[in-house]
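Engineer: The file below is structure_19.pdb, PDB, C-alpha atoms:
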```
ATOM      1  CA  LEU A  84       0.000   0.000   0.000  1.00  0.00           C
ATOM      2  CA  ALA A  85       2.850   2.393   0.794  1.00  0.00           C
ATOM      3  CA  MET A  86       4.280   1.957  -2.724  1.00  0.00           C
ATOM      4  CA  CYS A  87       0.830   2.463  -4.169  1.00  0.00           C
ATOM      5  CA  LEU A  88       0.411   5.761  -2.312  1.00  0.00           C
ATOM      6  CA  ARG A  89       3.770   7.050  -3.580  1.00  0.00           C
ATOM      7  CA  GLN A  90       2.980   6.424  -7.243  1.00  0.00           C
ATOM      8  CA  ALA A  91       0.716   9.204  -8.498  1.00  0.00           C
ATOM      9  CA  GLU A  92      -0.096   7.458 -11.778  1.00  0.00           C
ATOM     10  CA  ARG A  93      -1.744   4.515 -10.009  1.00  0.00           C
ATOM     11  CA  ARG A  94      -5.375   4.526  -9.019  1.00  0.00           C
ATOM     12  CA  VAL A  95      -5.125   4.102  -5.259  1.00  0.00           C
ATOM     13  CA  SER A  96      -8.709   2.925  -4.746  1.00  0.00           C
ATOM     14  CA  VAL A  97      -8.290   0.092  -7.272  1.00  0.00           C
ATOM     15  CA  GLU A  98      -4.996  -1.068  -5.762  1.00  0.00           C
ATOM     16  CA  GLY A  99      -6.331  -0.743  -2.206  1.00  0.00           C
ATOM     17  CA  THR A 100      -9.409  -2.764  -3.115  1.00  0.00           C
ATOM     18  CA  LYS A 101      -7.240  -5.511  -4.633  1.00  0.00           C
ATOM     19  CA  VAL A 102      -5.048  -5.721  -1.530  1.00  0.00           C
ATOM     20  CA  ALA A 103      -8.091  -5.779   0.782  1.00  0.00           C
ATOM     21  CA  MET A 104      -9.692  -8.604  -1.220  1.00  0.00           C
ATOM     22  CA  GLN A 105      -6.421 -10.549  -1.110  1.00  0.00           C
ATOM     23  CA  LEU A 106      -6.553 -10.189   2.681  1.00  0.00           C
ATOM     24  CA  GLY A 107     -10.012 -11.792   2.709  1.00  0.00           C
ATOM     25  CA  LEU A 108     -12.412  -8.839   2.915  1.00  0.00           C
ATOM     26  CA  ASN A 109     -15.650  -9.189   1.012  1.00  0.00           C
ATOM     27  CA  GLU A 110     -16.042  -7.096  -2.139  1.00  0.00           C
ATOM     28  CA  GLY A 111     -18.189  -4.376  -0.552  1.00  0.00           C
ATOM     29  CA  ASP A 112     -15.864  -3.842   2.412  1.00  0.00           C
ATOM     30  CA  ALA A 113     -12.790  -4.003   0.183  1.00  0.00           C
ATOM     31  CA  THR A 114     -14.241  -1.377  -2.169  1.00  0.00           C
ATOM     32  CA  ALA A 115     -15.110   0.900   0.760  1.00  0.00           C
ATOM     33  CA  LEU A 116     -11.588   0.521   2.114  1.00  0.00           C
ATOM     34  CA  GLY A 117     -10.099   1.279  -1.310  1.00  0.00           C
ATOM     35  CA  GLN A 118     -12.226   4.406  -1.658  1.00  0.00           C
ATOM     36  CA  HIS A 119     -11.252   5.534   1.841  1.00  0.00           C
ATOM     37  CA  LEU A 120      -7.606   5.000   0.963  1.00  0.00           C
ATOM     38  CA  GLU A 121      -8.001   7.046  -2.240  1.00  0.00           C
ATOM     39  CA  ARG A 122      -9.701   9.874  -0.419  1.00  0.00           C
ATOM     40  CA  TYR A 123      -7.394  10.181   2.564  1.00  0.00           C
ATOM     41  CA  GLN A 124      -4.119   8.858   1.078  1.00  0.00           C
ATOM     42  CA  GLU A 125      -1.294   9.302   3.604  1.00  0.00           C
ATOM     43  CA  ARG A 126      -3.764  10.387   6.327  1.00  0.00           C
ATOM     44  CA  PHE A 127      -5.399   6.960   5.958  1.00  0.00           C
ATOM     45  CA  CYS A 128      -2.978   5.544   8.535  1.00  0.00           C
ATOM     46  CA  TYR A 129      -4.453   7.805  11.214  1.00  0.00           C
ATOM     47  CA  SER A 130      -7.838   6.130  10.780  1.00  0.00           C
ATOM     48  CA  LEU A 131      -6.476   2.649  11.511  1.00  0.00           C
ATOM     49  CA  PRO A 132      -6.657   1.291  15.067  1.00  0.00           C
ATOM     50  CA  ALA A 133      -3.356   0.728  16.808  1.00  0.00           C
ATOM     51  CA  TRP A 134      -3.677  -3.044  16.890  1.00  0.00           C
ATOM     52  CA  ARG A 135      -0.696  -5.092  17.770  1.00  0.00           C
ATOM     53  CA  ILE A 136      -0.151  -8.753  17.190  1.00  0.00           C
ATOM     54  CA  ARG A 137       0.711 -10.526  20.397  1.00  0.00           C
ATOM     55  CA  SER A 138       2.763 -13.666  20.685  1.00  0.00           C
ATOM     56  CA  HIS A 139       1.123 -16.761  22.165  1.00  0.00           C
ATOM     57  CA  LYS A 140       3.097 -16.183  25.368  1.00  0.00           C
ATOM     58  CA  SER A 141       1.918 -12.574  25.561  1.00  0.00           C
ATOM     59  CA  LYS A 142      -1.697 -13.642  25.029  1.00  0.00           C
ATOM     60  CA  ALA A 143      -1.385 -16.276  27.754  1.00  0.00           C
ATOM     61  CA  THR A 144       0.130 -13.705  30.128  1.00  0.00           C
ATOM     62  CA  LEU A 145      -2.657 -11.236  29.408  1.00  0.00           C
ATOM     63  CA  LEU A 146      -5.359 -13.883  29.967  1.00  0.00           C
ATOM     64  CA  GLY A 147      -3.645 -15.111  33.137  1.00  0.00           C
ATOM     65  CA  ARG A 148      -3.558 -11.583  34.544  1.00  0.00           C
ATOM     66  CA  PHE A 149      -7.223 -11.140  33.619  1.00  0.00           C
ATOM     67  CA  VAL A 150      -8.317 -14.407  35.268  1.00  0.00           C
ATOM     68  CA  HIS A 151      -6.357 -13.452  38.401  1.00  0.00           C
ATOM     69  CA  GLN A 152      -8.148 -10.071  38.534  1.00  0.00           C
ATOM     70  CA  VAL A 153     -11.564 -11.671  37.948  1.00  0.00           C
ATOM     71  CA  ALA A 154     -10.911 -14.011  40.885  1.00  0.00           C
ATOM     72  CA  ARG A 155      -9.759 -11.074  43.022  1.00  0.00           C
ATOM     73  CA  TYR A 156     -12.866  -8.958  42.250  1.00  0.00           C
ATOM     74  CA  ARG A 157     -15.260 -11.914  42.068  1.00  0.00           C
ATOM     75  CA  GLU A 158     -17.920 -10.443  44.366  1.00  0.00           C
ATOM     76  CA  ALA A 159     -18.127  -7.158  42.451  1.00  0.00           C
ATOM     77  CA  LEU A 160     -18.333  -9.038  39.140  1.00  0.00           C
ATOM     78  CA  LEU A 161     -21.020 -11.574  40.037  1.00  0.00           C
ATOM     79  CA  PRO A 162     -23.883  -9.418  38.685  1.00  0.00           C
ATOM     80  CA  PHE A 163     -22.111  -9.365  35.293  1.00  0.00           C
ATOM     81  CA  LEU A 164     -21.537 -13.102  35.300  1.00  0.00           C
ATOM     82  CA  GLN A 165     -25.148 -14.246  35.708  1.00  0.00           C
ATOM     83  CA  ASP A 166     -25.657 -14.824  31.967  1.00  0.00           C
ATOM     84  CA  ASP A 167     -23.784 -17.397  29.926  1.00  0.00           C
ATOM     85  CA  THR A 168     -22.343 -14.735  27.604  1.00  0.00           C
ATOM     86  CA  LEU A 169     -21.586 -11.007  27.545  1.00  0.00           C
ATOM     87  CA  GLY A 170     -21.705  -8.570  24.673  1.00  0.00           C
ATOM     88  CA  LEU A 171     -18.649  -6.413  24.048  1.00  0.00           C
ATOM     89  CA  GLU A 172     -20.134  -3.331  25.756  1.00  0.00           C
ATOM     90  CA  GLU A 173     -20.992  -5.303  28.890  1.00  0.00           C
ATOM     91  CA  PHE A 174     -17.541  -6.862  28.865  1.00  0.00           C
ATOM     92  CA  LEU A 175     -15.872  -3.444  28.675  1.00  0.00           C
ATOM     93  CA  GLU A 176     -18.075  -2.328  31.597  1.00  0.00           C
ATOM     94  CA  LEU A 177     -16.932  -5.380  33.521  1.00  0.00           C
ATOM     95  CA  GLY A 178     -13.337  -4.281  32.884  1.00  0.00           C
ATOM     96  CA  GLU A 179     -14.018  -0.983  34.639  1.00  0.00           C
ATOM     97  CA  LYS A 180     -14.863  -2.968  37.800  1.00  0.00           C
ATOM     98  CA  LEU A 181     -11.407  -4.565  37.840  1.00  0.00           C
ATOM     99  CA  GLY A 182      -9.652  -1.727  39.589  1.00  0.00           C
ATOM    100  CA  GLY A 183      -9.232   0.596  36.613  1.00  0.00           C
ATOM    101  CA  GLN A 184      -5.936  -0.882  35.462  1.00  0.00           C
ATOM    102  CA  TRP A 185      -7.163  -2.319  32.156  1.00  0.00           C
ATOM    103  CA  SER A 186      -6.940  -0.340  28.942  1.00  0.00           C
ATOM    104  CA  GLU A 187      -9.730  -0.623  26.407  1.00  0.00           C
ATOM    105  CA  ASP A 188      -7.166  -2.109  23.982  1.00  0.00           C
ATOM    106  CA  ASP A 189      -6.274  -4.886  26.440  1.00  0.00           C
ATOM    107  CA  LEU A 190      -9.933  -5.586  27.194  1.00  0.00           C
ATOM    108  CA  SER A 191     -10.739  -5.693  23.475  1.00  0.00           C
ATOM    109  CA  GLU A 192      -7.875  -8.143  22.955  1.00  0.00           C
ATOM    110  CA  ILE A 193      -9.184 -10.329  25.780  1.00  0.00           C
ATOM    111  CA  ALA A 194     -12.689 -10.153  24.294  1.00  0.00           C
ATOM    112  CA  LEU A 195     -11.352 -11.420  20.974  1.00  0.00           C
ATOM    113  CA  LEU A 196      -9.419 -14.215  22.698  1.00  0.00           C
ATOM    114  CA  LEU A 197     -12.527 -15.284  24.654  1.00  0.00           C
ATOM    115  CA  ASP A 198     -14.946 -14.861  21.751  1.00  0.00           C
ATOM    116  CA  VAL A 199     -17.520 -17.642  21.524  1.00  0.00           C
ATOM    117  CA  SER A 200     -19.487 -16.123  18.651  1.00  0.00           C
ATOM    118  CA  PRO A 201     -20.881 -18.492  16.074  1.00  0.00           C
ATOM    119  CA  GLN A 202     -19.011 -18.506  12.788  1.00  0.00           C
ATOM    120  CA  ASP A 203     -20.654 -17.767   9.478  1.00  0.00           C
ATOM    121  CA  THR A 204     -20.397 -20.142   6.526  1.00  0.00           C
ATOM    122  CA  GLU A 205     -16.982 -18.730   5.583  1.00  0.00           C
ATOM    123  CA  GLY A 206     -15.524 -19.198   9.070  1.00  0.00           C
ATOM    124  CA  HIS A 207     -15.665 -15.513  10.067  1.00  0.00           C
ATOM    125  CA  MET A 208     -16.672 -14.670  13.617  1.00  0.00           C
ATOM    126  CA  ALA A 209     -19.683 -12.490  14.367  1.00  0.00           C
ATOM    127  CA  LEU A 210     -19.091  -8.856  15.219  1.00  0.00           C
ATOM    128  CA  PRO A 211     -18.977  -7.587  17.861  1.00  0.00           C
ATOM    129  CA  PRO A 212     -17.522 -10.449  19.901  1.00  0.00           C
ATOM    130  CA  ILE A 213     -19.719 -12.397  22.286  1.00  0.00           C
ATOM    131  CA  ILE A 214     -17.768 -13.251  25.394  1.00  0.00           C
TER     132      ILE A 214
END
```
Could you write out this structure as structure tokens?
Structural biologist:
Amino acid sequence: LAMCLRQAERRVSVEGTKVAMQLGLNEGDATALGQHLERYQERFCYSLPAWRIRSHKSKATLLGRFVHQVARYREALLPFLQDDTLGLEEFLELGEKLGGQWSEDDLSEIALLLDVSPQDTEGHMALPPII
């Protein structure tokens, strides 16, 4: 994408759409992403979330810390844990009850790791996650 943005003679939306489809986005989402890329060009990067890819060890550490905190604040969390699953908003609320030391990014990562959403026919998980 960076090379595409630097080359003025290339149609950025077309190239962006191709890359997005190669990454597995459906045609509608890929086209929207390509058009967004064309419109915002180098500012496009500011619209992307600051996701990071964690190692398996890092994910295990994060989950271990979370489980430890849930056990520590068990009594305060019981009202949230009455149902079998939580939506993302409820899960983020639950995170606020854990002593305020969890960032929304960490809680979102945990939500994705704990996601029990049904998959569609192509193997994609439902959005937002169901925890």
Engineer: Please enclose the listed atoms of region 145-159 of chain A in an axis-aligned box, pad each side by 8 Å, and write out the centre and the three edge lengths in Å, rounded to one decimal, as JSON.
Structural biologist:
```
{"center_x": -10.4, "center_y": -11.1, "center_z": 36.9, "size_x": 31.5, "size_y": 24.0, "size_z": 31.0}
```
Engineer: What do you get, as a list in words, if you spell out every residue that the PyMOL selection byres ((chain A and resi 194) around 9) selects here?
Structural biologist: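 In the shown coordinates, the PyMOL selection byres ((chain A and resi 194) around 9) covers Leu171, Phe174, Leu175, Asp189, Leu190, Ser191, Glu192, Ile193, Leu195, Leu196, Leu197, Asp198, Pro212, Ile213 and Ile214 of chain A.
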Engineer: Suppose you want the space between CA of Gln152 (chain A) and CA of Thr168 (chain A); what is it in Å?
Structural biologist: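 Taking CA of Gln152 (chain A) as the start and CA of Thr168 (chain A) as the end point, the length is 18.5 Å.
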Engineer: Could you tell me which of A:Ile136, A:Gln105, A:Tyr129, A:Tyr156 comes closest to Gly183 (chain A) if we count only C-alpha atoms?
Structural biologist: A:Tyr156
Engineer: Between CA of Thr100 (chain A) and CA of Ala115 (chain A), what is the spacing in Å?
Structural biologist: 7.8 Å
Engineer: Tell me which residues the PyMOL selection byres ((chain A and resi 177) around 10) grabs here, as a list in words.
Structural biologist: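 This file gives the following for the PyMOL selection byres ((chain A and resi 177) around 10): Val153, Ala159, Leu160, Leu161, Pro162, Phe163, Leu164, Leu169, Leu171, Glu172, Glu173, Phe174, Leu175, Glu176, Gly178, Glu179, Lys180, Leu181 and Leu190 of chain A.
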Engineer: So that I can check the surroundings of Gln118 (chain A), please list as a ChimeraX atom specification every protein, DNA and RNA residue that reaches within 12 Å of it, counting only C-alpha atoms and ignoring chain neighbours fewer than 6 positions away.
Structural biologist: /A:94-101,103,111-112,124,127
Engineer: Take CA of Leu146 (chain A) and CA of Asp167 (chain A) and report the distance between them in Å, one decimal.
Structural biologist: 18.8 Å
